[in-house]
$ cat work08.cif   # mmCIF, C-alpha atoms
data_input
loop_
_atom_site.group_PDB
_atom_site.id
_atom_site.type_symbol
_atom_site.label_atom_id
_atom_site.label_comp_id
_atom_site.auth_asym_id
_atom_site.auth_seq_id
_atom_site.Cartn_x
_atom_site.Cartn_y
_atom_site.Cartn_z
ATOM 1 C CA MET X 1 134.244 120.858 92.218
ATOM 2 C CA ASN X 2 136.480 117.931 91.235
ATOM 3 C CA LYS X 3 135.007 114.700 89.930
ATOM 4 C CA PHE X 4 134.195 112.277 92.743
ATOM 5 C CA THR X 5 133.861 108.567 91.956
ATOM 6 C CA ILE X 6 132.020 105.992 94.071
ATOM 7 C CA VAL X 7 131.885 102.241 93.537
ATOM 8 C CA HIS X 8 128.518 101.105 94.886
ATOM 9 C CA LEU X 9 127.689 97.434 95.475
ATOM 10 C CA SER X 10 125.167 95.694 97.648
ATOM 11 C CA ASP X 11 123.983 92.342 98.959
ATOM 12 C CA PRO X 12 127.152 90.266 98.738
ATOM 13 C CA GLN X 13 125.477 87.912 101.235
ATOM 14 C CA LEU X 14 128.701 86.186 102.192
ATOM 15 C CA SER X 15 128.076 82.750 103.650
ATOM 16 C CA ALA X 16 131.152 82.648 105.910
ATOM 17 C CA GLY X 17 132.034 79.026 105.138
ATOM 18 C CA ARG X 18 128.442 77.768 105.292
ATOM 19 C CA GLU X 19 126.079 76.907 102.464
ATOM 20 C CA PRO X 20 124.994 80.088 100.609
ATOM 21 C CA GLN X 21 121.356 81.151 100.762
ATOM 22 C CA TYR X 22 120.728 80.086 97.168
ATOM 23 C CA HIS X 23 122.261 77.261 95.130
ATOM 24 C CA GLN X 24 124.828 79.475 93.484
ATOM 25 C CA GLN X 25 127.340 78.174 90.957
ATOM 26 C CA LEU X 26 130.011 80.516 92.300
ATOM 27 C CA PRO X 27 130.511 81.187 96.034
ATOM 28 C CA PRO X 28 129.488 84.710 97.115
ATOM 29 C CA ALA X 29 133.050 85.453 98.268
ATOM 30 C CA VAL X 30 134.379 84.727 94.756
ATOM 31 C CA LYS X 31 131.808 87.096 93.250
ATOM 32 C CA LEU X 32 132.729 89.875 95.669
ATOM 33 C CA GLN X 33 136.406 89.446 94.894
ATOM 34 C CA ARG X 34 135.614 89.642 91.167
ATOM 35 C CA ILE X 35 134.081 93.071 91.721
ATOM 36 C CA PHE X 36 137.160 94.385 93.502
ATOM 37 C CA ASP X 37 139.393 92.852 90.832
ATOM 38 C CA ASP X 38 137.307 94.417 88.066
ATOM 39 C CA VAL X 39 137.502 97.852 89.681
ATOM 40 C CA LEU X 40 141.285 97.500 89.710
ATOM 41 C CA ASP X 41 141.510 96.104 86.152
ATOM 42 C CA ARG X 42 139.347 98.910 84.731
ATOM 43 C CA GLN X 43 141.449 101.495 86.570
ATOM 44 C CA ILE X 44 138.306 103.136 87.953
ATOM 45 C CA GLU X 45 140.264 104.604 90.869
ATOM 46 C CA PRO X 46 137.300 105.273 93.164
ATOM 47 C CA ASP X 47 137.367 107.901 95.879
ATOM 48 C CA LEU X 48 134.923 105.836 97.924
ATOM 49 C CA ILE X 49 133.473 102.306 97.946
ATOM 50 C CA VAL X 50 130.074 101.647 99.538
ATOM 51 C CA ILE X 51 128.562 98.248 100.358
ATOM 52 C CA SER X 52 124.931 98.914 101.165
ATOM 53 C CA GLY X 53 123.873 96.011 103.332
ATOM 54 C CA ASP X 54 123.295 92.257 103.529
ATOM 55 C CA LEU X 55 126.988 91.827 104.142
ATOM 56 C CA LEU X 56 126.685 88.340 105.644
ATOM 57 C CA THR X 57 124.028 85.649 105.906
ATOM 58 C CA ASP X 58 123.791 84.194 109.433
ATOM 59 C CA GLY X 59 127.085 85.864 110.292
ATOM 60 C CA THR X 60 128.731 85.535 113.695
ATOM 61 C CA SER X 61 130.788 88.220 115.419
ATOM 62 C CA GLN X 62 133.939 86.385 114.295
ATOM 63 C CA ASP X 63 132.661 86.428 110.692
ATOM 64 C CA TYR X 64 132.196 90.209 110.886
ATOM 65 C CA THR X 65 135.679 90.622 112.311
ATOM 66 C CA GLN X 66 137.093 88.663 109.376
ATOM 67 C CA LEU X 67 134.998 90.738 106.971
ATOM 68 C CA ARG X 68 136.377 93.972 108.431
ATOM 69 C CA GLN X 69 139.929 92.694 107.988
ATOM 70 C CA TYR X 70 139.205 91.601 104.407
ATOM 71 C CA LEU X 71 137.648 94.954 103.486
ATOM 72 C CA GLN X 72 140.576 96.826 105.013
ATOM 73 C CA GLN X 73 142.891 94.815 102.739
ATOM 74 C CA GLN X 74 140.768 95.524 99.661
ATOM 75 C CA GLY X 75 140.473 99.206 100.543
ATOM 76 C CA ALA X 76 144.254 99.477 100.823
ATOM 77 C CA ARG X 77 144.638 97.638 97.510
ATOM 78 C CA LEU X 78 142.238 100.038 95.747
ATOM 79 C CA HIS X 79 143.395 103.118 97.669
ATOM 80 C CA ALA X 80 139.821 103.954 98.711
ATOM 81 C CA PRO X 81 137.889 103.820 101.990
ATOM 82 C CA ILE X 82 135.152 101.186 102.139
ATOM 83 C CA GLN X 83 131.961 102.188 103.973
ATOM 84 C CA VAL X 84 129.321 99.633 104.945
ATOM 85 C CA ILE X 85 125.758 99.725 106.227
ATOM 86 C CA LEU X 86 123.411 97.021 107.499
ATOM 87 C CA GLY X 87 120.756 95.120 105.566
ATOM 88 C CA ASP X 88 117.867 92.988 106.708
ATOM 89 C CA GLN X 89 119.957 89.784 106.663
ATOM 90 C CA ASP X 90 122.722 91.215 108.808
ATOM 91 C CA ASP X 91 122.896 90.362 112.506
ATOM 92 C CA ARG X 92 123.091 93.677 114.333
ATOM 93 C CA GLU X 93 124.519 92.277 117.576
ATOM 94 C CA ALA X 94 127.175 90.216 115.782
ATOM 95 C CA PHE X 95 128.060 93.215 113.584
ATOM 96 C CA ASN X 96 128.347 95.538 116.570
ATOM 97 C CA VAL X 97 130.655 93.147 118.411
ATOM 98 C CA GLY X 98 132.731 91.856 115.509
ATOM 99 C CA TYR X 99 132.889 94.782 113.068
ATOM 100 C CA LEU X 100 132.466 97.852 115.253
ATOM 101 C CA GLU X 101 133.716 96.417 118.550
ATOM 102 C CA GLU X 102 130.924 98.464 120.146
ATOM 103 C CA PRO X 103 128.266 96.006 121.362
ATOM 104 C CA HIS X 104 125.461 98.395 122.353
ATOM 105 C CA GLN X 105 124.805 100.451 119.219
ATOM 106 C CA PRO X 106 121.015 100.854 118.682
ATOM 107 C CA TYR X 107 121.579 101.609 114.986
ATOM 108 C CA TYR X 108 124.554 102.191 112.690
ATOM 109 C CA ALA X 109 124.117 105.538 110.945
ATOM 110 C CA TYR X 110 126.892 108.014 110.294
ATOM 111 C CA LYS X 111 127.963 110.974 108.180
ATOM 112 C CA GLN X 112 131.114 111.557 106.135
ATOM 113 C CA VAL X 113 132.179 114.766 104.385
ATOM 114 C CA TYR X 114 134.011 114.559 101.057
ATOM 115 C CA GLN X 115 134.849 117.579 98.872
ATOM 116 C CA ASN X 116 132.260 119.782 100.567
ATOM 117 C CA MET X 117 129.566 117.128 100.076
ATOM 118 C CA ASP X 118 127.781 115.315 102.890
ATOM 119 C CA PHE X 119 127.290 111.557 102.650
ATOM 120 C CA TYR X 120 124.806 109.934 104.999
ATOM 121 C CA PHE X 121 124.872 106.198 105.633
ATOM 122 C CA LEU X 122 121.571 105.136 107.182
ATOM 123 C CA ASP X 123 120.586 101.966 109.020
ATOM 124 C CA SER X 124 117.241 100.743 107.647
ATOM 125 C CA LYS X 125 117.420 97.286 109.216
ATOM 126 C CA TRP X 126 114.164 96.710 111.086
ATOM 127 C CA GLU X 127 113.625 93.877 113.554
ATOM 128 C CA ALA X 128 115.091 90.408 113.216
ATOM 129 C CA HIS X 129 113.440 88.259 110.530
ATOM 130 C CA LYS X 130 111.754 91.251 108.856
ATOM 131 C CA GLU X 131 112.640 91.805 105.224
ATOM 132 C CA ALA X 132 111.157 95.301 105.101
ATOM 133 C CA GLY X 133 113.050 98.395 106.218
ATOM 134 C CA TRP X 134 112.420 100.993 108.924
ATOM 135 C CA LEU X 135 114.185 104.147 110.149
ATOM 136 C CA ASP X 136 113.509 104.711 113.833
ATOM 137 C CA ARG X 137 112.716 108.076 115.376
ATOM 138 C CA LYS X 138 116.140 108.673 116.949
ATOM 139 C CA GLN X 139 117.863 108.091 113.636
ATOM 140 C CA LEU X 140 115.441 110.385 111.797
ATOM 141 C CA ASP X 141 116.033 113.078 114.409
ATOM 142 C CA TRP X 142 119.796 112.678 113.966
ATOM 143 C CA LEU X 143 119.444 113.005 110.187
ATOM 144 C CA ASN X 144 117.182 116.047 110.484
ATOM 145 C CA LYS X 145 119.596 117.797 112.869
ATOM 146 C CA ASN X 146 122.606 117.182 110.631
ATOM 147 C CA LEU X 147 120.841 118.336 107.467
ATOM 148 C CA HIS X 148 119.970 121.606 109.189
ATOM 149 C CA LEU X 149 123.571 122.084 110.319
ATOM 150 C CA ALA X 150 124.713 122.265 106.679
ATOM 151 C CA PRO X 151 121.654 123.338 104.646
ATOM 152 C CA ARG X 152 123.629 124.468 101.585
ATOM 153 C CA ARG X 153 125.888 121.455 101.173
ATOM 154 C CA ARG X 154 124.891 118.834 98.640
ATOM 155 C CA ALA X 155 123.852 115.656 100.462
ATOM 156 C CA PHE X 156 123.768 112.049 99.241
ATOM 157 C CA LEU X 157 122.152 109.195 101.141
ATOM 158 C CA PHE X 158 122.914 105.474 101.198
ATOM 159 C CA LEU X 159 120.635 102.905 102.810
ATOM 160 C CA HIS X 160 119.737 99.288 102.177
ATOM 161 C CA HIS X 161 115.988 99.494 101.519
ATOM 162 C CA PRO X 162 114.581 101.381 98.504
ATOM 163 C CA LEU X 163 111.770 103.902 98.806
ATOM 164 C CA ASP X 164 108.337 103.287 97.330
ATOM 165 C CA ALA X 165 107.670 103.968 93.635
ATOM 166 C CA PRO X 166 104.832 103.066 91.228
ATOM 167 C CA ALA X 167 107.010 100.510 89.429
ATOM 168 C CA LEU X 168 107.762 98.799 92.753
ATOM 169 C CA ARG X 169 104.173 98.530 93.957
ATOM 170 C CA GLY X 170 104.368 94.740 93.968
ATOM 171 C CA MET X 171 107.479 94.942 96.174
ATOM 172 C CA ARG X 172 106.064 97.087 98.969
ATOM 173 C CA TYR X 173 106.384 94.283 101.495
ATOM 174 C CA ALA X 174 110.194 94.564 101.092
ATOM 175 C CA LEU X 175 110.677 98.348 100.827
ATOM 176 C CA LEU X 176 111.289 101.049 103.431
ATOM 177 C CA GLN X 177 108.031 101.218 105.384
ATOM 178 C CA ASN X 178 108.168 104.822 106.645
ATOM 179 C CA ASN X 179 108.866 106.607 103.364
ATOM 180 C CA ARG X 180 106.737 109.622 104.277
ATOM 181 C CA GLU X 181 108.655 110.365 107.463
ATOM 182 C CA LEU X 182 111.990 110.270 105.623
ATOM 183 C CA LEU X 183 110.757 112.425 102.729
ATOM 184 C CA ALA X 184 109.319 114.979 105.160
ATOM 185 C CA ILE X 185 112.806 115.439 106.595
ATOM 186 C CA LEU X 186 114.498 115.583 103.186
ATOM 187 C CA HIS X 187 111.969 118.003 101.697
ATOM 188 C CA GLY X 188 113.540 121.367 100.923
ATOM 189 C CA HIS X 189 117.113 120.233 101.516
ATOM 190 C CA ASN X 190 119.875 120.014 98.909
ATOM 191 C CA ILE X 191 119.633 116.261 98.236
ATOM 192 C CA GLY X 192 121.636 115.025 95.255
ATOM 193 C CA GLY X 193 120.493 111.413 95.322
ATOM 194 C CA ILE X 194 119.552 108.319 97.305
ATOM 195 C CA PHE X 195 121.346 105.021 96.649
ATOM 196 C CA THR X 196 120.022 101.647 97.826
ATOM 197 C CA GLY X 197 120.261 97.892 97.288
ATOM 198 C CA HIS X 198 118.101 95.004 98.542
ATOM 199 C CA LEU X 199 116.023 94.263 95.424
ATOM 200 C CA HIS X 200 118.685 92.254 93.552
ATOM 201 C CA PHE X 201 117.833 94.145 90.374
ATOM 202 C CA GLY X 202 118.547 97.694 89.262
ATOM 203 C CA ALA X 203 115.993 100.507 89.343
ATOM 204 C CA SER X 204 116.002 104.301 88.893
ATOM 205 C CA TYR X 205 113.178 106.729 89.733
ATOM 206 C CA LEU X 206 112.303 110.043 91.408
ATOM 207 C CA VAL X 207 110.763 110.634 94.817
ATOM 208 C CA ASP X 208 109.323 113.913 96.087
ATOM 209 C CA THR X 209 109.346 114.963 92.377
ATOM 210 C CA THR X 210 113.037 115.956 92.433
ATOM 211 C CA ILE X 211 115.173 113.410 94.343
ATOM 212 C CA PRO X 212 116.675 110.620 92.230
ATOM 213 C CA VAL X 213 116.801 107.111 93.703
ATOM 214 C CA THR X 214 119.093 104.448 92.238
ATOM 215 C CA THR X 215 118.970 100.830 93.348
ATOM 216 C CA VAL X 216 122.044 98.792 92.490
ATOM 217 C CA ALA X 217 121.695 95.180 91.389
ATOM 218 C CA SER X 218 123.160 92.572 93.713
ATOM 219 C CA ALA X 219 126.743 91.416 94.001
ATOM 220 C CA SER X 220 125.527 87.828 94.483
ATOM 221 C CA THR X 221 122.290 87.087 92.579
ATOM 222 C CA TYR X 222 119.695 88.562 90.226
ATOM 223 C CA ILE X 223 116.036 88.115 91.157
ATOM 224 C CA ASP X 224 113.384 88.374 88.459
ATOM 225 C CA CYS X 225 110.298 89.830 90.167
ATOM 226 C CA GLN X 226 108.070 90.377 87.120
ATOM 227 C CA ASP X 227 105.581 87.921 88.614
ATOM 228 C CA PRO X 228 104.888 89.601 91.991
ATOM 229 C CA HIS X 229 104.070 86.271 93.660
ATOM 230 C CA HIS X 230 106.706 84.049 92.047
ATOM 231 C CA HIS X 231 110.277 85.361 91.930
ATOM 232 C CA GLU X 232 113.054 83.563 90.044
ATOM 233 C CA VAL X 233 116.654 83.693 91.264
ATOM 234 C CA HIS X 234 119.672 83.669 88.928
ATOM 235 C CA ASP X 235 123.404 83.639 89.521
ATOM 236 C CA ALA X 236 124.666 87.196 88.966
ATOM 237 C CA THR X 237 127.287 89.750 89.904
ATOM 238 C CA SER X 238 126.935 93.467 89.327
ATOM 239 C CA TYR X 239 127.993 96.836 90.689
ATOM 240 C CA ASN X 240 127.517 100.527 89.896
ATOM 241 C CA VAL X 241 129.930 103.399 89.444
ATOM 242 C CA ILE X 242 128.573 106.760 90.621
ATOM 243 C CA THR X 243 130.297 109.831 89.212
ATOM 244 C CA ILE X 244 129.574 113.158 90.918
ATOM 245 C CA GLN X 245 130.639 116.443 89.388
ATOM 246 C CA ARG X 246 129.269 119.903 90.153
ATOM 247 C CA GLY X 247 126.856 118.263 92.554
ATOM 248 C CA MET X 248 125.235 116.119 89.851
ATOM 249 C CA ALA X 249 125.451 112.326 90.036
ATOM 250 C CA SER X 250 125.465 109.989 87.041
ATOM 251 C CA VAL X 251 125.438 106.205 87.355
ATOM 252 C CA THR X 252 126.788 103.443 85.124
ATOM 253 C CA ASN X 253 126.176 99.740 85.673
ATOM 254 C CA HIS X 254 128.939 97.140 85.452
ATOM 255 C CA PRO X 255 127.471 93.623 85.124
ATOM 256 C CA LEU X 256 130.026 90.837 85.469
ATOM 257 C CA LEU X 257 127.799 87.744 85.475
ATOM 258 C CA LEU X 258 124.200 86.859 84.656
ATOM 259 C CA GLY X 259 123.397 83.172 84.657
ATOM 260 C CA GLN X 260 120.446 81.977 82.588
ATOM 261 C CA PRO X 261 119.372 78.938 84.667
ATOM 262 C CA VAL X 262 116.913 79.573 87.483
ATOM 263 C CA ILE X 263 118.745 78.436 90.614
ATOM 264 C CA ASP X 264 115.930 79.040 93.084
ATOM 265 C CA THR X 265 112.407 80.420 93.387
ATOM 266 C CA ILE X 266 110.742 82.636 95.992
ATOM 267 C CA THR X 267 107.017 82.538 96.682
ATOM 268 C CA VAL X 268 105.473 85.805 97.906
ATOM 269 C CA GLY X 269 102.001 86.045 99.410
ATOM 270 C CA ASN X 270 100.941 89.564 100.413
ATOM 271 C CA THR X 271 102.862 92.154 98.366
ATOM 272 C CA GLY X 272 101.606 95.206 100.262
ATOM 273 C CA PHE X 273 103.225 97.207 103.051
ATOM 274 C CA ALA X 274 103.744 95.474 106.396
ATOM 275 C CA LYS X 275 100.514 95.454 108.370
ATOM 276 C CA HIS X 276 102.145 95.965 111.755
ATOM 277 C CA ARG X 277 104.797 98.644 112.014
ATOM 278 C CA PRO X 278 106.046 100.762 114.932
ATOM 279 C CA ARG X 279 104.301 104.030 115.648
ATOM 280 C CA LEU X 280 106.383 107.173 115.603
ATOM 281 C CA SER X 281 105.763 109.610 118.412
ATOM 282 C CA PRO X 282 102.977 112.166 117.744
ATOM 283 C CA GLN X 283 104.155 115.233 115.873
ATOM 284 C CA ARG X 284 102.932 118.752 115.365
ATOM 285 C CA ARG X 285 102.471 119.676 111.716
ATOM 286 C CA THR X 286 103.226 122.744 109.688
ATOM 287 C CA SER X 287 100.665 124.615 107.639
ATOM 288 C CA ASN X 288 101.548 122.565 104.528
ATOM 289 C CA GLY X 289 100.940 119.296 106.359
ATOM 290 C CA LEU X 290 104.565 118.239 106.802
ATOM 291 C CA PRO X 291 105.624 117.011 110.255
ATOM 292 C CA LEU X 292 107.633 119.305 112.492
ATOM 293 C CA ILE X 293 110.656 117.305 113.617
#
$ encode --input "work08.cif" --output "structure tokens"
Amino acid sequence: MNKFTIVHLSDPQLSAGREPQYHQQLPPAVKLQRIFDDVLDRQIEPDLIVISGDLLTDGTSQDYTQLRQYLQQQGARLHAPIQVILGDQDDREAFNVGYLEEPHQPYYAYKQVYQNMDFYFLDSKWEAHKEAGWLDRKQLDWLNKNLHLAPRRRAFLFLHHPLDAPALRGMRYALLQNNRELLAILHGHNIGGIFTGHLHFGASYLVDTTIPVTTVASASTYIDCQDPHHHEVHDATSYNVITIQRGMASVTNHPLLLGQPVIDTITVGNTGFAKHRPRLSPQRRTSNGLPLI
């Protein structure tokens, strides 16, 4: 199998002409452009570029239309398709109308095949004003069906919200809330890796004992979450390069900016999982306790 290169970035949080979410020294659009320029300057020559959510902050349908046009220009410049998914700060209705031109999409999940590998782009945006992530039943059923259609092909998943891990225990309020349901579907399949964003810092760990998860740092800011109740925000720009060969993925980080001054702070109360979350429909279970989808 030939080498396959992916540029992975997340959380550009473009402000679309309004004040950015944090008091950043550089506008988010400038930071995003720096990433594309750096990819070109380094001659990375990606086969694919993925932006894993939080595309815009308070974006309108017109803003998403302009974003689509901008990304088409950058994709042509870098000779690589640019795939996007939604994050918690994205407006689903505005995205559907302005980016997709399909106003009634319940979620935005899709599959692409490259070099006999399956890439799944999942929509973990929950309800409006919820920072945590959720994959609804219809989307999980769609993923389960497609994994069974190609059980031998190596599969890689992209979504905005990371899965739970011991090192992220203090971040559970912001993670994917139905980890178990997703892992039950992935269990036993040929999963090469899961790639996420959302945290604004990098992390790498295993889930289900064998599946690697890599969280890319943000394209717009770095958030220091060492104190689980008092997070410090810094100006930052970073992206990852994922290299896949023989079905194995390796990841290198490319930091472009890390400002030392604290530009904002975030106070967090309860750090645990969301107390109120949707119920999935009742399921029969197999003899080993995993749900039958």
$ resolve_selection --input "work08.cif" --expression "the PyMOL selection byres ((chain X and resi 162-169) around 7)" --output "short mmCIF file (atom, residue, chain, number, x, y, z; two decimals) with C-alpha atoms, in the coordinates of the input"
data_model
loop_
_atom_site.label_atom_id
_atom_site.label_comp_id
_atom_site.auth_asym_id
_atom_site.auth_seq_id
_atom_site.Cartn_x
_atom_site.Cartn_y
_atom_site.Cartn_z
CA HIS X 160 119.74 99.29 102.18
CA HIS X 161 115.99 99.49 101.52
CA GLY X 170 104.37 94.74 93.97
CA MET X 171 107.48 94.94 96.17
CA ARG X 172 106.06 97.09 98.97
CA LEU X 175 110.68 98.35 100.83
CA LEU X 176 111.29 101.05 103.43
CA ASN X 179 108.87 106.61 103.36
CA THR X 196 120.02 101.65 97.83
CA GLY X 197 120.26 97.89 97.29
CA THR X 215 118.97 100.83 93.35
#
$ resolve_selection --input "work08.cif" --expression "the PyMOL selection byres ((chain X and resi 239) around 9)" --output "compact mmCIF listing (two decimals) with C-alpha atoms, keeping the file's coordinate frame"
# COMPACT_ATOMS: atom_id res chain seq x y z
CA VAL X 7 131.88 102.24 93.54
CA HIS X 8 128.52 101.10 94.89
CA LEU X 9 127.69 97.43 95.48
CA SER X 10 125.17 95.69 97.65
CA ILE X 35 134.08 93.07 91.72
CA VAL X 216 122.04 98.79 92.49
CA ALA X 217 121.70 95.18 91.39
CA SER X 218 123.16 92.57 93.71
CA ALA X 219 126.74 91.42 94.00
CA THR X 237 127.29 89.75 89.90
CA SER X 238 126.94 93.47 89.33
CA ASN X 240 127.52 100.53 89.90
CA VAL X 241 129.93 103.40 89.44
CA THR X 252 126.79 103.44 85.12
CA ASN X 253 126.18 99.74 85.67
CA HIS X 254 128.94 97.14 85.45
CA PRO X 255 127.47 93.62 85.12
CA LEU X 256 130.03 90.84 85.47
$ atom_distance --input "work08.cif" --atom1 "atom CA of X:Gly98" --atom2 "atom CA of X:Thr57"
14.4 Å
$ closest_residue --input "work08.cif" --among "X:His200, X:Arg154, X:Lys130, X:Lys111" --to "X:Gly188" --atoms "only C-alpha atoms"
X:Arg154
$ residues_near_point --input "work08.cif" --point "(139.5, 106.7, 95.0)" --cutoff "7 Å" --atoms "all atoms listed in the file" --output "PDB file with C-alpha atoms, in the coordinates of the input"
ATOM      1  CA  THR X   5     133.861 108.567  91.956  1.00  0.00           C
ATOM      2  CA  GLU X  45     140.264 104.604  90.869  1.00  0.00           C
ATOM      3  CA  PRO X  46     137.300 105.273  93.164  1.00  0.00           C
ATOM      4  CA  ASP X  47     137.367 107.901  95.879  1.00  0.00           C
ATOM      5  CA  LEU X  48     134.923 105.836  97.924  1.00  0.00           C
ATOM      6  CA  HIS X  79     143.395 103.118  97.669  1.00  0.00           C
ATOM      7  CA  ALA X  80     139.821 103.954  98.711  1.00  0.00           C
TER       8      ALA X  80
END
$ resolve_selection --input "work08.cif" --expression "the PyMOL selection byres ((chain X and resi 266) around 9)" --output "MDAnalysis selection string"
chainID X and resid 229:233 264:265 267:268
$ residues_around --input "work08.cif" --residues "X:Val50" --least-positions-apart "4" --cutoff "6 Å" --atoms "all atoms listed in the file" --output "list in words"
His8, Ile82, Gln83 and Val84 of chain X
$ closest_residue --input "work08.cif" --among "X:Glu102, X:Asp224, X:Asp63, X:Asp118" --to "X:Gly193" --atoms "all atoms listed in the file"
X:Asp118
